[in-house]
file work-v8.cif (mmCIF, C-alpha atoms)
data_my_file
#
loop_
_atom_site.label_atom_id
_atom_site.label_comp_id
_atom_site.auth_asym_id
_atom_site.auth_seq_id
_atom_site.Cartn_x
_atom_site.Cartn_y
_atom_site.Cartn_z
CA MET G 1 140.23 190.43 127.81
CA SER G 2 137.99 188.39 125.51
CA LYS G 3 139.23 186.17 122.58
CA PRO G 4 138.68 187.33 119.05
CA ALA G 5 135.50 186.09 117.31
CA ALA G 6 137.44 184.04 114.72
CA VAL G 7 139.21 182.07 117.45
CA ARG G 8 135.94 181.32 119.18
CA SER G 9 134.44 180.05 115.93
CA LEU G 10 137.32 177.60 115.31
CA ALA G 11 137.02 176.28 118.85
CA ASP G 12 133.29 175.69 118.36
CA LEU G 13 133.93 173.71 115.14
CA LYS G 14 136.11 171.09 116.83
CA PRO G 15 133.23 169.14 118.49
CA LEU G 16 131.28 169.26 115.24
CA ALA G 17 134.28 167.93 113.36
CA ARG G 18 134.62 165.08 115.83
CA GLU G 19 130.93 164.22 115.41
CA LEU G 20 131.27 164.21 111.62
CA ALA G 21 134.31 161.97 111.82
CA ALA G 22 132.49 159.56 114.11
CA ALA G 23 129.51 159.44 111.74
CA ARG G 24 131.79 158.74 108.75
CA LEU G 25 133.48 155.98 110.72
CA ALA G 26 130.11 154.39 111.58
CA VAL G 27 129.08 154.48 107.90
CA GLU G 28 132.37 152.88 106.86
CA LEU G 29 132.00 150.17 109.49
CA GLU G 30 128.42 149.41 108.36
CA ARG G 31 129.58 149.27 104.74
CA GLU G 32 132.39 146.87 105.63
CA HIS G 33 129.97 144.73 107.67
CA ARG G 34 127.55 144.40 104.75
CA ALA G 35 130.38 143.63 102.34
CA ALA G 36 131.66 140.89 104.69
CA ALA G 37 128.15 139.39 104.93
CA LEU G 38 127.83 139.35 101.12
CA ARG G 39 131.27 137.70 100.77
CA LEU G 40 130.28 135.04 103.31
CA ALA G 41 126.99 134.33 101.51
CA GLU G 42 128.84 134.06 98.19
CA GLN G 43 131.35 131.66 99.70
CA GLU G 44 128.55 129.47 101.07
CA ARG G 45 126.79 129.48 97.69
CA ARG G 46 129.99 128.54 95.91
CA ALA G 47 130.67 125.80 98.46
CA PHE G 48 127.18 124.32 97.81
CA GLU G 49 127.71 124.46 94.03
CA LEU G 50 131.08 122.74 94.36
CA SER G 51 129.63 120.02 96.60
CA VAL G 52 126.65 119.12 94.35
CA GLY G 53 128.31 119.74 90.98
CA PRO G 54 126.71 121.23 87.88
CA VAL G 55 122.95 121.66 88.04
CA THR G 56 120.61 121.56 85.04
CA PRO G 57 117.41 123.54 85.54
CA LEU G 58 114.23 121.49 85.14
CA ARG G 59 112.23 122.11 82.01
CA ARG G 60 109.10 124.01 82.90
CA VAL G 61 105.93 122.12 82.11
CA ASP G 62 102.64 123.90 82.15
CA ARG G 63 100.25 122.20 84.56
CA VAL G 64 96.50 122.13 84.50
CA LEU G 65 94.88 121.99 87.91
CA HIS G 66 91.62 120.06 87.92
CA GLU G 67 89.02 120.57 90.55
CA ARG G 68 88.71 117.54 92.78
CA GLU G 69 85.40 115.82 92.31
CA GLN G 70 83.26 115.39 95.37
CA PRO G 71 82.54 111.76 96.28
CA ALA G 72 79.08 110.56 95.49
CA PRO G 73 76.76 110.38 98.49
CA GLU G 74 76.28 106.94 99.97
CA PRO G 75 72.81 105.57 99.16
CA ARG G 76 72.21 104.33 102.69
CA GLN G 77 68.44 104.54 102.53
CA ARG G 78 68.37 102.67 99.23
CA GLU G 79 70.60 99.97 100.67
CA ALA G 80 68.30 99.67 103.68
CA ASP G 81 65.32 99.34 101.34
CA GLU G 82 67.11 96.67 99.34
CA ARG G 83 67.82 94.71 102.51
CA ALA G 84 64.16 94.90 103.48
CA VAL G 85 63.13 93.61 100.05
CA LEU G 86 65.62 90.78 100.32
CA LEU G 87 64.09 89.64 103.57
CA GLN G 88 60.50 89.93 102.43
CA ALA G 89 61.19 88.07 99.17
CA LEU G 90 62.29 84.81 100.81
CA SER G 91 59.27 82.73 101.70
CA ASP G 92 59.09 79.51 103.69
CA GLU G 93 55.88 78.49 101.93
CA ILE G 94 57.24 77.80 98.45
CA ASP G 95 57.02 74.17 97.23
CA VAL G 96 60.68 73.55 96.56
CA GLU G 97 60.40 69.82 95.93
CA SER G 98 58.94 70.36 92.48
CA LEU G 99 61.92 72.52 91.54
CA LEU G 100 64.64 70.08 92.59
CA ASP G 101 66.14 67.42 90.38
CA THR G 102 65.23 63.98 91.69
CA ASP G 103 68.80 62.79 92.10
CA GLU G 104 70.42 61.44 95.22
CA THR G 105 71.11 64.93 96.57
CA LEU G 106 68.05 66.83 95.30
CA SER G 107 70.16 69.32 93.35
CA PHE G 108 68.74 72.44 91.71
CA ARG G 109 69.33 74.06 88.34
CA ARG G 110 67.50 77.01 86.92
CA GLU G 111 65.76 76.76 83.57
CA GLY G 112 68.32 76.98 80.80
CA ILE G 113 71.12 75.51 82.91
CA SER G 114 72.25 72.12 81.62
CA LEU G 115 72.85 68.95 83.57
CA GLU G 116 76.51 69.21 82.62
CA VAL G 117 76.77 72.42 84.67
CA VAL G 118 75.38 70.56 87.67
CA ARG G 119 77.86 67.73 87.14
CA LYS G 120 80.73 70.21 86.98
CA LEU G 121 79.49 71.90 90.13
CA ARG G 122 79.34 68.55 91.93
CA ARG G 123 82.87 67.64 90.79
CA GLY G 124 84.31 70.92 92.09
CA HIS G 125 84.92 72.47 88.68
CA TRP G 126 84.66 75.98 90.16
CA ALA G 127 86.84 76.96 93.10
CA LEU G 128 85.04 78.02 96.25
CA GLN G 129 85.40 81.77 96.75
CA ALA G 130 83.35 82.42 99.89
CA GLN G 131 81.42 80.61 102.59
CA LEU G 132 78.47 81.31 104.86
CA ASP G 133 78.09 79.24 108.02
CA LEU G 134 74.53 79.27 109.40
CA HIS G 135 75.28 77.09 112.42
CA GLY G 136 73.57 78.34 115.55
CA LEU G 137 71.35 80.90 113.80
CA ARG G 138 67.60 80.97 114.25
CA ARG G 139 65.34 80.91 111.21
CA ASP G 140 64.89 84.66 110.70
CA ALA G 141 68.56 85.42 111.32
CA ALA G 142 69.61 82.63 108.95
CA ARG G 143 67.24 83.86 106.24
CA GLU G 144 68.58 87.40 106.52
CA ALA G 145 72.20 86.24 106.50
CA LEU G 146 71.66 84.01 103.47
CA GLY G 147 69.83 86.67 101.45
CA LEU G 148 72.52 89.26 102.07
CA PHE G 149 75.34 86.78 101.48
CA VAL G 150 74.03 85.69 98.08
CA HIS G 151 73.27 89.26 97.03
CA ASP G 152 76.64 90.64 98.08
CA SER G 153 78.57 87.69 96.62
CA ALA G 154 76.91 88.10 93.23
CA ARG G 155 77.50 91.86 93.31
CA ARG G 156 81.20 91.21 93.96
CA GLY G 157 81.34 88.89 90.95
CA LEU G 158 81.96 85.69 92.90
CA ARG G 159 81.33 82.49 90.95
CA CYS G 160 81.00 79.69 93.43
CA VAL G 161 80.20 79.79 97.16
CA ARG G 162 79.39 77.34 99.93
CA VAL G 163 76.49 77.58 102.36
CA VAL G 164 76.81 75.47 105.50
CA HIS G 165 73.42 74.68 107.05
CA GLY G 166 74.50 71.79 109.28
CA LYS G 167 73.50 68.15 109.50
CA GLY G 168 71.09 68.63 112.37
CA HIS G 169 72.99 66.53 114.91
CA GLY G 170 72.37 69.14 117.57
CA SER G 171 68.72 69.78 116.67
CA PRO G 172 65.66 68.22 118.35
CA GLY G 173 65.03 64.82 116.78
CA ARG G 174 68.44 65.18 115.08
CA GLU G 175 66.68 66.67 112.05
CA PRO G 176 68.45 69.38 110.02
CA VAL G 177 66.11 72.30 110.68
CA LEU G 178 67.74 74.69 108.20
CA LYS G 179 68.50 72.22 105.41
CA GLY G 180 65.08 72.35 103.74
CA ARG G 181 64.62 76.06 104.38
CA VAL G 182 67.98 76.95 102.85
CA ARG G 183 66.96 75.12 99.67
CA ARG G 184 63.64 77.01 99.59
CA TRP G 185 65.37 80.33 100.07
CA LEU G 186 68.07 79.69 97.47
CA VAL G 187 65.66 78.79 94.65
CA GLN G 188 63.96 82.15 95.20
CA LYS G 189 67.19 84.10 94.65
CA SER G 190 67.58 85.17 91.03
CA GLU G 191 71.36 85.26 91.49
CA VAL G 192 71.41 81.47 92.05
CA LEU G 193 71.84 79.38 88.89
CA ALA G 194 72.29 76.01 90.54
CA PHE G 195 73.26 74.24 93.73
CA VAL G 196 74.27 70.74 94.77
CA GLN G 197 75.03 68.98 98.00
CA ALA G 198 78.69 69.38 98.88
CA ARG G 199 81.18 66.58 98.52
CA ALA G 200 82.25 64.83 101.70
CA SER G 201 85.47 66.84 101.75
CA ASP G 202 83.48 70.10 101.50
CA GLY G 203 80.87 69.39 104.17
CA GLY G 204 78.79 66.59 102.70
CA ALA G 205 75.12 66.59 103.68
CA GLY G 206 75.66 69.63 105.89
CA ALA G 207 76.45 72.07 103.11
CA LEU G 208 75.47 73.21 99.62
CA ILE G 209 77.71 74.38 96.79
CA VAL G 210 76.03 77.27 95.00
CA LEU G 211 76.70 78.59 91.49
CA LEU G 212 75.90 82.29 91.07
CA ASN G 213 74.63 84.30 88.14
CA GLY G 214 77.03 85.31 85.39
CA THR G 215 79.41 82.40 85.88
CA VAL G 216 78.62 80.17 82.91
#
call {"tool": "encode", "arguments": {"input": "work-v8.cif", "output": "structure tokens"}}
result
Amino acid sequence: MSKPAAVRSLADLKPLARELAAARLAVELEREHRAAALRLAEQERRAFELSVGPVTPLRRVDRVLHEREQPAPEPRQREADERAVLLQALSDEIDVESLLDTDETLSFRREGISLEVVRKLRRGHWALQAQLDLHGLRRDAAREALGLFVHDSARRGLRCVRVVHGKGHGSPGREPVLKGRVRRWLVQKSEVLAFVQARASDGGAGALIVLLNGTV
């Protein structure tokens, strides 16, 4: 004998009721989990605030962003041309003797430079700021080195430099090969205002003390 329809319907609802209860339980558990996570985050935030103390927000300052300027291209070709001109401009044929003062060291001073400047240069009035040693260099290499040294020193704003050409003790005949040439080359450099033979303590007959443009 079969059960009544109402009884069968109630029996069918029991599994559905269990499923609904399980779903409600899952929702409650998820809600409790989220609430616990929020409480933990709040506790950590409060712990940070307590550890660092009161915080004052920084005043907002409007900023203007400027575009970064591109560096200027390096004039390498122009520098190479300048070097070539420097080398070509220094002649070995110039008559330097007529340009030198006939003192014991054959000093040089450009027109407009007084004898007092030469005396100061000889006494070491200006401190030496750079030196070029030409020992061991052949003529062309020495000429190139001297031209570039004088040019670069003047461009850097140096006042007083020393050029060591040697006393010629190691040269054939013990003659200072570069001494006369260095004088010829220096008088042709517009950056050179004057030069004198160095004092004994600064190299004596083996060196020249050179005063550069813009220093007096």
call {"tool": "resolve_selection", "arguments": {"input": "work-v8.cif", "expression": "the PyMOL selection byres ((chain G and resi 192) around 7)", "output": "number ranges by chain"}}
result
G: 186-187, 189-191, 193-194, 210-213
call {"tool": "atom_distance", "arguments": {"input": "work-v8.cif", "atom1": "CA of Ala26 in chain G", "atom2": "CA of Glu42 in chain G"}}
result
24.4 Å
call {"tool": "atom_distance", "arguments": {"input": "work-v8.cif", "atom1": "CA of Arg159 in chain G", "atom2": "CA of Ala130 in chain G"}}
result
9.2 Å
call {"tool": "closest_residue", "arguments": {"input": "work-v8.cif", "among": "G:Ala47, G:Leu134, G:Val161, G:Leu20", "to": "Gly206 in chain G", "atoms": "all atoms listed in the file"}}
result
G:Leu134
call {"tool": "resolve_selection", "arguments": {"input": "work-v8.cif", "expression": "the PyMOL selection byres ((chain G and resi 127) around 12)", "output": "ChimeraX atom specification"}}
result
/G:120-126,128-131,158-162,202,209-211,215
call {"tool": "closest_residue", "arguments": {"input": "work-v8.cif", "among": "G:Ala141, G:Ser107, G:Arg119, G:Phe149", "to": "Val196 in chain G", "atoms": "all atoms listed in the file"}}
result
G:Ser107
call {"tool": "resolve_selection", "arguments": {"input": "work-v8.cif", "expression": "the PyMOL selection byres ((chain G and resi 142) around 12)", "output": "VMD selection string"}}
result
chain G and resid 87 90 132 to 141 143 to 149 163 to 166 177 to 179 181 to 182 185 to 186
call {"tool": "atom_distance", "arguments": {"input": "work-v8.cif", "atom1": "CA of Arg110 in chain G", "atom2": "CA of Arg183 in chain G"}}
result
12.9 Å
call {"tool": "closest_residue", "arguments": {"input": "work-v8.cif", "among": "G:Leu29, G:Val117, G:Ala41, G:Ala198", "to": "Lys167 in chain G", "atoms": "only C-alpha atoms"}}
result
G:Ala198
